[in-house]
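Worksheet for the structure shown next.
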Amino acid sequence: MKYWIIKSEPFKYSWDQMVEDKTTYWDGVRSYAARIFLYEMKAGDLCLFYHSNEGKEIVGICKVIKESYQDPTTDDDRWVAVDVEAIKPLEENISLAQLKADNLLKDMRFVRQSRLSVAPVTKKEFDKIMKISGTSL
């Protein structure tokens, strides 16, 4: 199993909307680097759900339930989507400031390359976020 972080602006698609929908396709990614990560996602992988721009915090956990396929929002076959399912909210949200202040988490790819809308997370990073947030699976 691999771990990921997926980002969304809350006014476009929030964690609350994800919970209400239960599942959704993660679409609209137009970064070549992020596209590679979407291709690498496998069913069962876990994703941290991050609110970007507003809030700037990790708020929940999702699971990949369908691997990459043609992004339904474009006819351009270079772009893909994956389906994700809401698992649970974090017990305590983790802010970007907290990530940057932590010796292990400050080097997360997503922190270093903040423009990426999808990025890998190591198991150590994922476990640390679970511990800090007081969340168990």
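Letters for chains follow the order of the structure tokens (A, B, ...), residue numbers begin at 1 for each chain, and ligand numbers begin at 1 in the order shown.
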Taking only residues of range 13-64 of chain A that have an atom at most 6 Å from an atom of range 93-103 of chain A, what is each one's shortest atom pair and its distance in Å to one decimal, using only C-alpha atoms, in chain and number order, as a tab-separated table?
```
residue	atom	partner	partner_atom	distance
A:Lys56	CA	A:Leu96	CA	5.7
A:Glu57	CA	A:Ser95	CA	4.0
A:Ile58	CA	A:Ile94	CA	5.1
A:Val59	CA	A:Asn93	CA	5.0
```
For the selection you just gave me, I'd like the residues written to a file as a short mmCIF file (atom, residue, chain, number, x, y, z; two decimals), in the first residue's frame, keeping C-alpha atoms.
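The file below, again_0.cif, is the result:
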```cif
data_model
loop_
_atom_site.label_atom_id
_atom_site.label_comp_id
_atom_site.auth_asym_id
_atom_site.auth_seq_id
_atom_site.Cartn_x
_atom_site.Cartn_y
_atom_site.Cartn_z
CA LYS A 56 -4.35 25.07 4.59
CA GLU A 57 -4.75 21.90 6.63
CA ILE A 58 -5.08 18.15 6.36
CA VAL A 59 -8.66 17.33 7.35
#
```
Considering only C-alpha atoms, return as a CSV table (one decimal) with C-alpha atoms, in the first residue's frame whatever protein or nucleic-acid residues lie within 7 Å of range 117-132 of chain A, sequence-local ones (same chain, fewer than 4 positions apart) excluded.
```csv
chain,number,residue,atom,x,y,z
A,3,TYR,CA,0.1,6.9,0.8
A,4,TRP,CA,-0.8,10.1,-1.0
A,5,ILE,CA,-2.0,13.6,-0.3
A,6,ILE,CA,-4.7,15.1,-2.5
A,7,LYS,CA,-5.5,18.9,-2.4
A,34,ALA,CA,0.7,15.0,-10.5
A,37,PHE,CA,1.2,10.1,-9.3
A,104,LEU,CA,10.1,14.9,9.7
A,105,LEU,CA,7.1,16.5,8.0
A,108,MET,CA,7.3,16.1,2.7
A,109,ARG,CA,7.2,16.4,-1.1
A,110,PHE,CA,3.9,18.3,-0.9
A,136,SER,CA,-6.4,5.8,14.2
```
>> Please return, as a PyMOL selection string, all residues of chain A that DSSP assigns to strand (DSSP E or B) on the basis of the backbone.
In response: chain A and resi 3-8+23-26+46-51+57-70+80-95+118-121
>> So that I can check the surroundings of range 22-26 of chain A, please list as an NGL selection string every protein, DNA and RNA residue that reaches within 7 Å of it, counting only C-alpha atoms and ignoring chain neighbours fewer than 2 positions away.
In response: :A and (18-20 or 81-86)
> What gap, in Å, lies between CA of Trp79 in chain A and CA of Ser14 in chain A?
Replying inline: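 Those two atoms sit 22.2 Å apart.
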> Between A:Thr73, A:Thr135, A:Ser52, A:Ser68, which has the minimum distance to Ile87 in chain A (counting only C-alpha atoms)?
Replying inline: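 Smallest distance to Ile87 in chain A is found for A:Thr135.
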> Where does DSSP see helix (DSSP H, G or I) in range 29-129 of chain A, if you list the residues as number ranges by chain?
Replying inline: A: 32-40, 96-101, 105-107, 109-112, 123-129
>> Here is a test: counting only C-alpha atoms, which residue of A:Glu54, A:Asp71, A:Asp45, A:Asp77 is nearest to Met1 in chain A?
In response: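 Of A:Glu54, A:Asp71, A:Asp45, A:Asp77, the one nearest Met1 in chain A is A:Asp45, counting only C-alpha atoms.
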> Could you state the separation of CA of Gln113 in chain A and CA of Asp21 in chain A in Å, given to one decimal place?
Replying inline: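 Separation between CA of Gln113 in chain A and CA of Asp21 in chain A: 28.9 Å.
Of the listed residues (A:Arg115, A:Lys12, A:Lys2, A:Arg78), A:Lys2 comes nearest to Met41 in chain A; the distances count only C-alpha atoms.
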> Expressed in Å to a single decimal, how great is the separation between CA of Glu91 in chain A and CA of Gly60 in chain A?
Replying inline: 8.6 Å
>> So, with only C-alpha atoms as the atoms that count, which of A:Asp75, A:Trp15, A:Asp107, A:Leu116 lies closest to Phe49 in chain A?
In response: A:Trp15
